[in-house]
Amino acid sequence: MGIMIFHRARKLQREGKLEEAIPAYQSVIAQNPAFYLAYQNLGESLEGLGRWEEAIIHYRQAIKLNSNSALSHYQLGRALVKSGCLNQGIEVLNAGLKLKPSYHKYYEQLRNAWVQKGEWEKAIANHKKAIEINHSESL
């Protein structure tokens, strides 16, 4: 039953029906509190509505349940940076880089954080790394 609700929630999320997807993901979590992907996707839906603090809570839970999820680290880091928690965001993004060092989006978010902090050399270095990795992936 829970997996059917999860697939319904994902469909709603893909269709942009985030307000409807949220209670569906919450239902999945109530049935299976160890299903990290439900927390991950719930966080994405909440983030899509600008509900940063709630999204961050759910991304953290996804990581707690699956500490090897590079995507969860990226999503949490991005949400922290976008919500202004720059130091925490940088820390999470750097932890995620250890899981997937070739993911250019980590460097893009690190660039954004360093720009907000006014640390231009670090921002430029991360921007260059993102371009380098993205370029090598497209070859």
# chains A, B, ... in the order shown; residues from 1 in each chain; ligands from 1

$ residues_around --residues "A:Glu20" --least-positions-apart "3" --cutoff "12 Å" --atoms "only C-alpha atoms" --output "MDAnalysis selection string"
chainID A and resid 5 8:17 23:27 42 45:46 49

$ residues_around --residues "A:Asn32" --least-positions-apart "6" --cutoff "12 Å" --atoms "only C-alpha atoms" --output "count of residues only"
10

$ residues_around --residues "stretch 80-82 of chain A" --least-positions-apart "2" --cutoff "8 Å" --atoms "only C-alpha atoms" --output "mmCIF file with C-alpha atoms, in the first residue's frame"
data_model
loop_
_atom_site.group_PDB
_atom_site.id
_atom_site.type_symbol
_atom_site.label_atom_id
_atom_site.label_comp_id
_atom_site.auth_asym_id
_atom_site.auth_seq_id
_atom_site.Cartn_x
_atom_site.Cartn_y
_atom_site.Cartn_z
ATOM 1 C CA TRP A 52 12.872 25.976 3.552
ATOM 2 C CA ILE A 56 15.786 21.132 5.673
ATOM 3 C CA LEU A 76 20.256 19.762 2.021
ATOM 4 C CA GLY A 77 23.317 21.840 1.177
ATOM 5 C CA ARG A 78 21.423 23.760 -1.504
ATOM 6 C CA GLY A 84 21.045 31.805 4.294
ATOM 7 C CA CYS A 85 22.684 29.150 6.487
ATOM 8 C CA LEU A 86 25.902 29.465 4.518
ATOM 9 C CA GLN A 88 26.158 24.801 7.397
ATOM 10 C CA GLY A 89 25.465 24.601 3.676
ATOM 11 C CA ILE A 90 29.168 24.653 2.835
ATOM 12 C CA GLN A 109 26.188 25.572 -4.866
ATOM 13 C CA ASN A 112 26.820 30.481 -4.637
ATOM 14 C CA ALA A 113 27.618 30.206 -0.939
#

$ select_by_dssp --residues "chain A" --states "helix (DSSP H, G or I)" --output "PyMOL selection string"
chain A and resi 2-14+18-31+36-48+52-65+70-82+86-99+104-117+120-138

$ closest_residue --among "A:Ser102, A:Gln31, A:Asn66, A:Asn87" --to "A:Ile133" --atoms "only C-alpha atoms"
A:Ser102

$ atom_distance --atom1 "atom CA of A:Leu110" --atom2 "atom CA of A:Lys98"
13.8 Å

$ residues_around --residues "A:Asn134" --least-positions-apart "5" --cutoff "10 Å" --atoms "only C-alpha atoms" --output "ChimeraX atom specification"
/A:102-105,128-129,139

$ write_last_selection --atoms "C-alpha atoms" --output "PDB file, in the first residue's frame"
ATOM      1  CA  SER A 102      32.429  14.461  -9.852  1.00  0.00           C
ATOM      2  CA  TYR A 103      28.997  16.058  -9.354  1.00  0.00           C
ATOM      3  CA  HIS A 104      29.355  19.569 -10.760  1.00  0.00           C
ATOM      4  CA  LYS A 105      26.256  20.889  -9.001  1.00  0.00           C
ATOM      5  CA  LYS A 128      35.888  26.836 -12.531  1.00  0.00           C
ATOM      6  CA  LYS A 129      35.654  23.336 -11.043  1.00  0.00           C
ATOM      7  CA  LEU A 139      32.452  14.895 -23.883  1.00  0.00           C
TER       8      LEU A 139
END

$ atom_distance --atom1 "atom CA of A:Glu119" --atom2 "atom CA of A:Tyr106"
16.8 Å

$ residues_around --residues "stretch 125-127 of chain A" --least-positions-apart "3" --cutoff "9 Å" --atoms "only C-alpha atoms" --output "mmCIF file with C-alpha atoms, in the first residue's frame"
data_model
loop_
_atom_site.group_PDB
_atom_site.id
_atom_site.type_symbol
_atom_site.label_atom_id
_atom_site.label_comp_id
_atom_site.auth_asym_id
_atom_site.auth_seq_id
_atom_site.Cartn_x
_atom_site.Cartn_y
_atom_site.Cartn_z
ATOM 1 C CA TYR A 106 28.029 20.654 -5.637
ATOM 2 C CA TYR A 107 30.572 23.136 -6.925
ATOM 3 C CA GLU A 108 27.834 25.394 -8.282
ATOM 4 C CA GLN A 109 26.188 25.572 -4.866
ATOM 5 C CA LEU A 110 29.543 26.107 -3.169
ATOM 6 C CA ARG A 111 30.160 28.957 -5.604
ATOM 7 C CA ASN A 112 26.820 30.481 -4.637
ATOM 8 C CA TRP A 114 31.055 31.783 -1.342
ATOM 9 C CA TRP A 120 35.439 35.743 -4.414
ATOM 10 C CA GLU A 121 38.547 33.584 -4.818
ATOM 11 C CA LYS A 122 36.751 30.561 -3.385
ATOM 12 C CA ALA A 130 31.939 23.130 -11.904
ATOM 13 C CA ILE A 131 32.660 24.119 -15.505
ATOM 14 C CA GLU A 132 35.573 21.678 -15.747
#

$ decode --residues "stretch 103-136 of chain A" --atoms "C-alpha atoms" --output "PDB file, in the first residue's frame"
ATOM      1  CA  TYR A 103      28.997  16.058  -9.354  1.00  0.00           C
ATOM      2  CA  HIS A 104      29.355  19.569 -10.760  1.00  0.00           C
ATOM      3  CA  LYS A 105      26.256  20.889  -9.001  1.00  0.00           C
ATOM      4  CA  TYR A 106      28.029  20.654  -5.637  1.00  0.00           C
ATOM      5  CA  TYR A 107      30.572  23.136  -6.925  1.00  0.00           C
ATOM      6  CA  GLU A 108      27.834  25.394  -8.282  1.00  0.00           C
ATOM      7  CA  GLN A 109      26.188  25.572  -4.866  1.00  0.00           C
ATOM      8  CA  LEU A 110      29.543  26.107  -3.169  1.00  0.00           C
ATOM      9  CA  ARG A 111      30.160  28.957  -5.604  1.00  0.00           C
ATOM     10  CA  ASN A 112      26.820  30.481  -4.637  1.00  0.00           C
ATOM     11  CA  ALA A 113      27.618  30.206  -0.939  1.00  0.00           C
ATOM     12  CA  TRP A 114      31.055  31.783  -1.342  1.00  0.00           C
ATOM     13  CA  VAL A 115      29.577  34.610  -3.433  1.00  0.00           C
ATOM     14  CA  GLN A 116      27.082  35.337  -0.658  1.00  0.00           C
ATOM     15  CA  LYS A 117      29.928  35.342   1.855  1.00  0.00           C
ATOM     16  CA  GLY A 118      31.915  37.710  -0.382  1.00  0.00           C
ATOM     17  CA  GLU A 119      34.802  35.258  -0.715  1.00  0.00           C
ATOM     18  CA  TRP A 120      35.439  35.743  -4.414  1.00  0.00           C
ATOM     19  CA  GLU A 121      38.547  33.584  -4.818  1.00  0.00           C
ATOM     20  CA  LYS A 122      36.751  30.561  -3.385  1.00  0.00           C
ATOM     21  CA  ALA A 123      33.673  31.365  -5.490  1.00  0.00           C
ATOM     22  CA  ILE A 124      35.755  31.548  -8.669  1.00  0.00           C
ATOM     23  CA  ALA A 125      37.642  28.343  -7.862  1.00  0.00           C
ATOM     24  CA  ASN A 126      34.362  26.452  -7.368  1.00  0.00           C
ATOM     25  CA  HIS A 127      32.890  27.995 -10.512  1.00  0.00           C
ATOM     26  CA  LYS A 128      35.888  26.836 -12.531  1.00  0.00           C
ATOM     27  CA  LYS A 129      35.654  23.336 -11.043  1.00  0.00           C
ATOM     28  CA  ALA A 130      31.939  23.130 -11.904  1.00  0.00           C
ATOM     29  CA  ILE A 131      32.660  24.119 -15.505  1.00  0.00           C
ATOM     30  CA  GLU A 132      35.573  21.678 -15.747  1.00  0.00           C
ATOM     31  CA  ILE A 133      33.518  18.747 -14.474  1.00  0.00           C
ATOM     32  CA  ASN A 134      30.431  19.655 -16.504  1.00  0.00           C
ATOM     33  CA  HIS A 135      32.557  19.970 -19.644  1.00  0.00           C
ATOM     34  CA  SER A 136      34.270  16.604 -19.089  1.00  0.00           C
TER      35      SER A 136
END
